Amino acid sequence: MKRIFRLFGLALATSAIISCTPGGANGNSSSSSKKSAAEKAYVAPGEYDEYYGFLSGGFSGQVYAYGFPSARLLKILPVFSQDPQSGYGYSEETKPMLETSYGFIPWDDLHHPDISQTNGELDGRWVFANANNTPRIARISLTDFETQEIIEIPNSAGNHNSAFVTENTEYVVAGTRFGVPIPQKDMPIKDYKGNFQASTSFISVDQETGAMDLAFQIRLPGFNYDLAHPGRDKSHGWMFFTTYNTEEAHTLLEVNSAERDKDFITAINWKKAEEYIKEGKGKIEKAKYAHNVFDSQTHTATSTMKDEVLVLDPAELPGIVYFIPSAKSPHGVDVDPTGEYIVSNGKLSANVVVHSFSKIKEAIDNENFVDEVYGIPILDFDETLAGIVEQPGIGPLHTEFDERGNAYTTFFISSEIVKWDVKTQEILDRHDVYYSPGHLSIPGGNSRKPDGKYLLSMNKITKDRYLPVGPEMNQPGQLFDISGDKMEMILDFPMIGEPHYASMIHADKIKDKSRKIYRLSSENDHERVVKSSKDVRIERDGKNVHVYMGMIRSHFNPDNIEGIKMGDKVHFHITNMEQDFDIPHGFAVMGANNSELLIVPGQTKTLVWEPQDVGIYPFYCTDFCSALHQEMQGYIRVSPEDSDIELSWSLDDDVHTN
Amino acid sequence: MKKAGILMIIGSALLLGLFFFPLWHIHLIAPQYPEGLGMNIHIYDIEGVEEFDLANIDMLNHYIGMKTIPKAHEMWEFTVFPIVVGGMAAIGIILGFLGFLKKINPKAFLGWLITMGVLGLLGMYDFNQWLLDYGTDLDPNASIRLLDADGNPMTYKPPLIGHVKLLNFDVDSWPHTGAYLMFVGLILVFLAYLIGIKKYKKV
């Protein structure tokens with residue numbers, strides 16, 4: 001009898017081991033293979049998704065928070081673009097967020113969101129994202145789900161290889177896609193070669209507050225730096241950039257930058273750069289760039305213009321920068337979770353090249369250089385090679401990893417995703433996508449700790465995938481279950497804008513710290529807050545009229561305003577006095593030339609309104625807040641400039657004047 | 001009699017739990033409030049379960065014209081109840097101590113219990129009167145004025161104990177930790193009396 005029990009116990013133990021083997025690591029993958037695709041992507045009403053995904057909007061300038069595997073859109077997060085819905089970039093509090101050295105910019109092209117990390121693991125504190133067109137980096141809080149900081153990057157053009165995060169969020173990297181004269185000057189474009197330059201920027205991050213600072217820049221030759229990936233684990237301390245147009249062509253790049261058979265991976269030893277900085281090396285240069293910070297305590301952003309940057313010249317400071325010849329015109333460069341394998345996705349090459357970090361290190365230590373360019377050593381291609389994925393597909397762009405030693409690469413031209421073994425470079429599986437994938441994303445797939453259950457392919461071409469909606473269509477996102485040996489497509493959905501990259505993370509790392517309200521008593525230090533009806537008032541300061549208004553179910557206080565005159569500039573400082581989760585109120589006034597305001601409980605926002613004509617103008621709540629939402633409205637009276645009507649405000653019978 | 005005295009001390013001391021735990025708890029759940037809103041009724045105050053629950057209950061109730069939930073200083077009960085409960089506990093403990101020293105007839109325990117029972121019933125009656133007033137004395141200008149099935153103006157009295165459906169809300173009203181401690185205390189006092197009287201008769 002005892003023996004039977006023992007056998008039974010053994011059987012239990014064995015089944016436990018089986019269910020813990022790779023592929024079954026997520027617990028339900030053994031059952032998942034039996035589930036249909038629809039069941040795998042289905043999240044029942046009222047249930048939560050297992051992962052958050054932060055998808056970039058590309059030319060929409062926004063980030064989208066999705067839930068996966070259902071691909072339900074949870075929220076639109078305005079970052080580099082004005083958002084008339086929330087009033088971001090229109091309200092007086094948030095206008096400074098979009099200030100730059102070129103003035104106010106209402107738009108940008110947002111490419112690569114990346115979640116902060118601790119010890120190489122996604123930690124869910126912040127999402128960083130880059131502006132490609134007018135180089136900037138933004139930081140989005142994952143407590144408030146709002147953009148809290150934007151820093152402009154000087155001495156750069158086309159901040160594409162950004163905003164990737166080192167494994168303890170020491171730095172966020174920014175770069176230069178377009179070589180430009182540094183500092184900018186008037187000169188013939190044909191004199192590009194040798195005269196244009198590039199910068200990579202290392203933006204430090206305060207671990208408590210997330211506050212960013214442009215710590216230093218490394219001045220580079222005027223090649224085109226495309227994408228970046230921080231070293232992980234053993235290669236922590238290094239940053240890798242794909243580098244094309246090493247020909248330094250300035251026109252018809254599609255031919256002239258594709259002459260050479262190999263381009264570079266630029267390897268930057270930022271720890272070495274830090275050592276030089278400690279020794280006082282590097283030069284302070286003049287540079288003008290904006291630094292915009294939103295204070296979630298005062299609910300107000302400020303923009304400061306900075307004027308200096310610390311610059312390191314790798315030609316004078318050896319050991320910081322090396323060029324590694326790599327696949328032709330590489331697009332993505334991706335480092336595996338161990339930090340050993342550096343995958344170069346040569347978009348014009350037929351193979352995927354895998355470099356070995358230990359070999360790179362050895363070649364550098366032995367000073368095994370084949371040449372140098374602009375004073376920067378070039379390593380030998382063969383000496384750095386770990387292997388080549390032979391004939392994997394056409395047009396490799398990006399690679400992400402799972403925790404089981406597999407890599408997944410998108411092929412734009414052959415429109416597929418290929419799974420291969422990182423160590424042996426053996427191809428394991430392939431799956432078509434529809435059509436032409438750009439980036440792909442696996443939760444933690446660019447970190448030391450991937451969570452390889454799902455893979456999102458973000459495709460560039462839609463064609464016949466969905467009901468037609470005219471010539472311009474949303475781009476397709478396709479979700480795979482990758483927990484088994486074979487990739488299985490489980491969902492196909494249209495995305496917004498052009499998602500270039502997405503950063504996905506397990507929901508447990510974020511959901512419980514998501515903010516519900518701002519406590520009026522302790523979390524709103526706005527200088528024009530209304531904390532109780534006693535604070536409600538109107539003050540005239542010349543032509544500027546400041547209305548201190550409160551809103552609570554289901555009225556504005558005040559809701560009748562008289563004594564506004566033509567030529568006045570009316571500042572509505574409005575506080576949502578609710579202290580209840582999910583009771584936002586909106587504010588819109590007829591004839592406003594900017595936007596509405598959507599104000600969450602405990603928050604204060606300001607809209608400026610300049611009446612264009614005398615008359616009575618209604619304002620109302622735009623968010624269906626309560627059963628009496630439709631009654632939540634008011635009037636403002638605008639009189640001629642020479643009128644002697646006194647400023648007054650009221651709610652019901654409670655009339656006030658100054 | 002020693003045993004009875006100890007039980008009497010413990011039993012009446014359990015009343016002091018009312019200073020630390022709520023006496024009663026009213027919980028409201030609605031489609032818009034899946035996690036619910038709750039108020040804990042203490043002998044000295046009414047508190048929200050979550051920080052803003054009371055404010056949000058008031059916010060919703062103003063549509064149907066209910067008064068706001070009273071603050072501690074707005075009801076005499078919140079001053080008197082602590083004195084009564086504290087006083088009864090003190091008297092009970094003293095009685096128990098005297099019992100322990102065998103200087104008292106255990107009938108005094110029964111006397112204490114009956115007094116406490118009467119006071120408790122009065123308290124419940126008073127509480128119910130307040131609930132009645134709170135749920136029926138409505139602002140005639142309230143924005144939502146409904147009629148019940150019989151055509152009478154709808155009222156919103158929360159139940160003294162149990163569950164009732166009021167408009168979109170499921171309202172539950174039940175004793176809380178403080179009350180349960182008190183009930184256990186009263187049983188202990190009754191046991192003290194039974195044990196005490198047995199020993200007392202023997203002697």
# chains A, B, ... in the order shown; residues from 1 in each chain; ligands from 1
$ interface_residues --of "chain B" --to "chain A" --cutoff "9 Å" --atoms "only C-alpha atoms" --output "PyMOL selection string"
chain B and resi 52-53+55-56+59-60+63+143
$ select_by_dssp --residues "stretch 6-198 of chain B" --states "helix (DSSP H, G or I)" --output "PyMOL selection string"
chain B and resi 6-19+53-64+72-74+77-100+107-136+177-198
$ closest_residue --among "B:Asn40, B:Ala30, B:Gly96, B:Leu14" --to "B:His176" --atoms "only C-alpha atoms"
B:Asn40
$ residues_around --residues "stretch 413-425 of chain A" --least-positions-apart "2" --cutoff "7 Å" --atoms "only C-alpha atoms" --output "ChimeraX atom specification"
/A:387-389,393-395,405-411,427-437
$ residues_around --residues "stretch 153-167 of chain B" --least-positions-apart "5" --cutoff "6 Å" --atoms "only C-alpha atoms" --output "PDB file with all heavy atoms, in the first residue's frame"
ATOM      1  N   LEU B 131     -32.716  56.398  11.612  1.00  0.00           N
ATOM      2  CA  LEU B 131     -32.759  55.859  10.253  1.00  0.00           C
ATOM      3  C   LEU B 131     -34.063  56.273   9.565  1.00  0.00           C
ATOM      4  O   LEU B 131     -34.075  56.643   8.394  1.00  0.00           O
ATOM      5  CB  LEU B 131     -32.652  54.332  10.272  1.00  0.00           C
ATOM      6  CG  LEU B 131     -31.284  53.734  10.604  1.00  0.00           C
ATOM      7  CD1 LEU B 131     -31.388  52.211  10.674  1.00  0.00           C
ATOM      8  CD2 LEU B 131     -30.234  54.127   9.581  1.00  0.00           C
ATOM      9  N   LEU B 132     -35.151  56.242  10.349  1.00  0.00           N
ATOM     10  CA  LEU B 132     -36.463  56.594   9.817  1.00  0.00           C
ATOM     11  C   LEU B 132     -36.472  58.050   9.377  1.00  0.00           C
ATOM     12  O   LEU B 132     -36.902  58.387   8.273  1.00  0.00           O
ATOM     13  CB  LEU B 132     -37.517  56.335  10.909  1.00  0.00           C
ATOM     14  CG  LEU B 132     -38.972  56.387  10.457  1.00  0.00           C
ATOM     15  CD1 LEU B 132     -39.273  55.257   9.491  1.00  0.00           C
ATOM     16  CD2 LEU B 132     -39.894  56.284  11.675  1.00  0.00           C
ATOM     17  N   GLY B 135     -34.251  58.591   6.377  1.00  0.00           N
ATOM     18  CA  GLY B 135     -34.769  58.047   5.122  1.00  0.00           C
ATOM     19  C   GLY B 135     -36.095  58.621   4.681  1.00  0.00           C
ATOM     20  O   GLY B 135     -36.511  58.381   3.539  1.00  0.00           O
ATOM     21  N   THR B 136     -36.770  59.376   5.558  1.00  0.00           N
ATOM     22  CA  THR B 136     -38.111  59.838   5.172  1.00  0.00           C
ATOM     23  C   THR B 136     -38.261  61.351   5.208  1.00  0.00           C
ATOM     24  O   THR B 136     -39.126  61.891   4.525  1.00  0.00           O
ATOM     25  CB  THR B 136     -39.190  59.228   6.095  1.00  0.00           C
ATOM     26  OG1 THR B 136     -38.882  59.586   7.441  1.00  0.00           O
ATOM     27  CG2 THR B 136     -39.241  57.728   5.958  1.00  0.00           C
ATOM     28  N   LEU B 146     -39.736  60.374  -6.266  1.00  0.00           N
ATOM     29  CA  LEU B 146     -40.390  59.197  -6.836  1.00  0.00           C
ATOM     30  C   LEU B 146     -41.558  58.752  -5.972  1.00  0.00           C
ATOM     31  O   LEU B 146     -41.627  59.070  -4.787  1.00  0.00           O
ATOM     32  CB  LEU B 146     -39.369  58.060  -6.971  1.00  0.00           C
ATOM     33  CG  LEU B 146     -38.172  58.354  -7.880  1.00  0.00           C
ATOM     34  CD1 LEU B 146     -37.214  57.180  -7.858  1.00  0.00           C
ATOM     35  CD2 LEU B 146     -38.597  58.667  -9.301  1.00  0.00           C
ATOM     36  N   LEU B 147     -42.461  58.027  -6.605  1.00  0.00           N
ATOM     37  CA  LEU B 147     -43.592  57.455  -5.879  1.00  0.00           C
ATOM     38  C   LEU B 147     -43.393  55.946  -5.805  1.00  0.00           C
ATOM     39  O   LEU B 147     -42.823  55.339  -6.721  1.00  0.00           O
ATOM     40  CB  LEU B 147     -44.902  57.762  -6.613  1.00  0.00           C
ATOM     41  CG  LEU B 147     -45.227  59.255  -6.795  1.00  0.00           C
ATOM     42  CD1 LEU B 147     -46.516  59.422  -7.576  1.00  0.00           C
ATOM     43  CD2 LEU B 147     -45.300  59.973  -5.451  1.00  0.00           C
ATOM     44  N   ASP B 148     -43.857  55.354  -4.717  1.00  0.00           N
ATOM     45  CA  ASP B 148     -43.751  53.905  -4.623  1.00  0.00           C
ATOM     46  C   ASP B 148     -44.927  53.248  -5.350  1.00  0.00           C
ATOM     47  O   ASP B 148     -45.769  53.930  -5.950  1.00  0.00           O
ATOM     48  CB  ASP B 148     -43.661  53.462  -3.155  1.00  0.00           C
ATOM     49  CG  ASP B 148     -44.923  53.779  -2.364  1.00  0.00           C
ATOM     50  OD1 ASP B 148     -45.977  54.035  -2.990  1.00  0.00           O
ATOM     51  OD2 ASP B 148     -44.838  53.775  -1.115  1.00  0.00           O
ATOM     52  N   ASP B 172     -27.325  46.906   2.751  1.00  0.00           N
ATOM     53  CA  ASP B 172     -27.215  45.892   3.793  1.00  0.00           C
ATOM     54  C   ASP B 172     -26.856  46.562   5.102  1.00  0.00           C
ATOM     55  O   ASP B 172     -25.959  47.411   5.137  1.00  0.00           O
ATOM     56  CB  ASP B 172     -26.109  44.886   3.437  1.00  0.00           C
ATOM     57  CG  ASP B 172     -26.649  43.774   2.583  1.00  0.00           C
ATOM     58  OD1 ASP B 172     -27.366  42.928   3.124  1.00  0.00           O
ATOM     59  OD2 ASP B 172     -26.370  43.782   1.363  1.00  0.00           O
ATOM     60  N   SER B 173     -27.543  46.154   6.156  1.00  0.00           N
ATOM     61  CA  SER B 173     -27.273  46.744   7.464  1.00  0.00           C
ATOM     62  C   SER B 173     -27.107  45.614   8.469  1.00  0.00           C
ATOM     63  O   SER B 173     -28.033  44.818   8.668  1.00  0.00           O
ATOM     64  CB  SER B 173     -28.442  47.669   7.838  1.00  0.00           C
ATOM     65  OG  SER B 173     -28.246  48.185   9.136  1.00  0.00           O
ATOM     66  N   TRP B 174     -25.954  45.523   9.078  1.00  0.00           N
ATOM     67  CA  TRP B 174     -25.666  44.413  10.001  1.00  0.00           C
ATOM     68  C   TRP B 174     -24.811  44.906  11.170  1.00  0.00           C
ATOM     69  O   TRP B 174     -24.082  45.891  11.028  1.00  0.00           O
ATOM     70  CB  TRP B 174     -24.900  43.293   9.274  1.00  0.00           C
ATOM     71  CG  TRP B 174     -25.713  42.666   8.178  1.00  0.00           C
ATOM     72  CD1 TRP B 174     -25.591  42.900   6.839  1.00  0.00           C
ATOM     73  CD2 TRP B 174     -26.783  41.723   8.314  1.00  0.00           C
ATOM     74  NE1 TRP B 174     -26.507  42.164   6.135  1.00  0.00           N
ATOM     75  CE2 TRP B 174     -27.265  41.426   7.016  1.00  0.00           C
ATOM     76  CE3 TRP B 174     -27.393  41.110   9.411  1.00  0.00           C
ATOM     77  CZ2 TRP B 174     -28.308  40.544   6.780  1.00  0.00           C
ATOM     78  CZ3 TRP B 174     -28.435  40.226   9.170  1.00  0.00           C
ATOM     79  CH2 TRP B 174     -28.888  39.947   7.868  1.00  0.00           C
TER      80      TRP B 174
END
$ select_by_dssp --residues "stretch 377-547 of chain A" --states "strand (DSSP E or B)" --output "number ranges by chain"
A: 377-379, 385-389, 396-401, 406-411, 416-421, 427-432, 437-441, 454-459, 476-481, 488-494, 502-506, 537-541, 544-547
$ write_last_selection --atoms "C-alpha atoms" --output "compact mmCIF listing (two decimals), in the first residue's frame"
# COMPACT_ATOMS: atom_id res chain seq x y z
CA PRO A 377 38.48 52.14 -34.51
CA ILE A 378 36.73 49.63 -36.76
CA LEU A 379 36.63 46.01 -35.63
CA LEU A 385 30.68 37.12 -35.36
CA ALA A 386 28.69 34.60 -33.30
CA GLY A 387 26.86 33.26 -36.30
CA ILE A 388 24.51 34.00 -39.13
CA VAL A 389 20.90 33.02 -39.52
CA PRO A 396 14.76 41.58 -41.49
CA LEU A 397 13.85 44.58 -39.35
CA HIS A 398 13.49 43.77 -35.66
CA THR A 399 14.11 40.97 -33.20
CA GLU A 400 12.72 40.29 -29.73
CA PHE A 401 13.38 37.39 -27.38
CA ASN A 406 14.47 31.91 -28.82
CA ALA A 407 14.58 34.96 -31.01
CA TYR A 408 11.72 36.23 -33.16
CA THR A 409 12.53 38.39 -36.16
CA THR A 410 10.19 40.36 -38.42
CA PHE A 411 10.79 40.26 -42.18
CA GLU A 416 6.64 36.96 -41.93
CA ILE A 417 7.93 36.33 -38.45
CA VAL A 418 10.67 33.79 -38.02
CA LYS A 419 11.51 32.06 -34.77
CA TRP A 420 15.09 30.92 -34.36
CA ASP A 421 17.45 29.63 -31.71
CA ILE A 427 15.37 28.36 -37.72
CA LEU A 428 12.58 26.76 -35.68
CA ASP A 429 9.34 28.14 -37.03
CA ARG A 430 7.92 30.78 -39.34
CA HIS A 431 4.54 32.40 -39.73
CA ASP A 432 3.12 34.80 -42.30
CA PRO A 437 5.74 43.76 -40.21
CA GLY A 438 7.83 46.53 -38.71
CA HIS A 439 8.49 46.12 -35.02
CA LEU A 440 7.30 43.26 -32.88
CA SER A 441 6.87 43.16 -29.14
CA TYR A 454 2.43 36.66 -26.47
CA LEU A 455 4.01 38.38 -29.43
CA LEU A 456 2.53 41.42 -31.13
CA SER A 457 3.43 42.03 -34.76
CA MET A 458 2.88 45.64 -35.84
CA ASN A 459 2.42 45.61 -39.56
CA PRO A 476 -2.90 45.83 -38.63
CA GLY A 477 -1.71 44.44 -35.35
CA GLN A 478 -1.51 40.69 -35.10
CA LEU A 479 -1.14 38.86 -31.84
CA PHE A 480 0.52 35.48 -31.49
CA ASP A 481 0.54 32.92 -28.75
CA GLU A 488 -0.12 30.68 -33.35
CA MET A 489 -1.89 33.80 -34.59
CA ILE A 490 -4.81 34.46 -32.28
CA LEU A 491 -5.96 37.99 -33.08
CA ASP A 492 -5.92 40.57 -35.86
CA PHE A 493 -6.96 44.14 -35.05
CA PRO A 494 -6.56 47.62 -36.56
CA ALA A 502 5.20 48.67 -28.23
CA SER A 503 6.33 47.89 -24.73
CA MET A 504 4.29 45.23 -23.00
CA ILE A 505 4.24 44.39 -19.32
CA HIS A 506 2.36 42.11 -16.94
CA ARG A 537 -14.65 84.03 -6.87
CA ILE A 538 -13.89 86.19 -9.88
CA GLU A 539 -11.01 88.64 -9.98
CA ARG A 540 -10.34 91.26 -12.59
CA ASP A 541 -6.76 92.18 -13.39
CA ASN A 544 -7.65 89.56 -17.62
CA VAL A 545 -10.57 88.10 -15.70
CA HIS A 546 -9.84 85.08 -13.51
CA VAL A 547 -12.80 82.85 -12.76
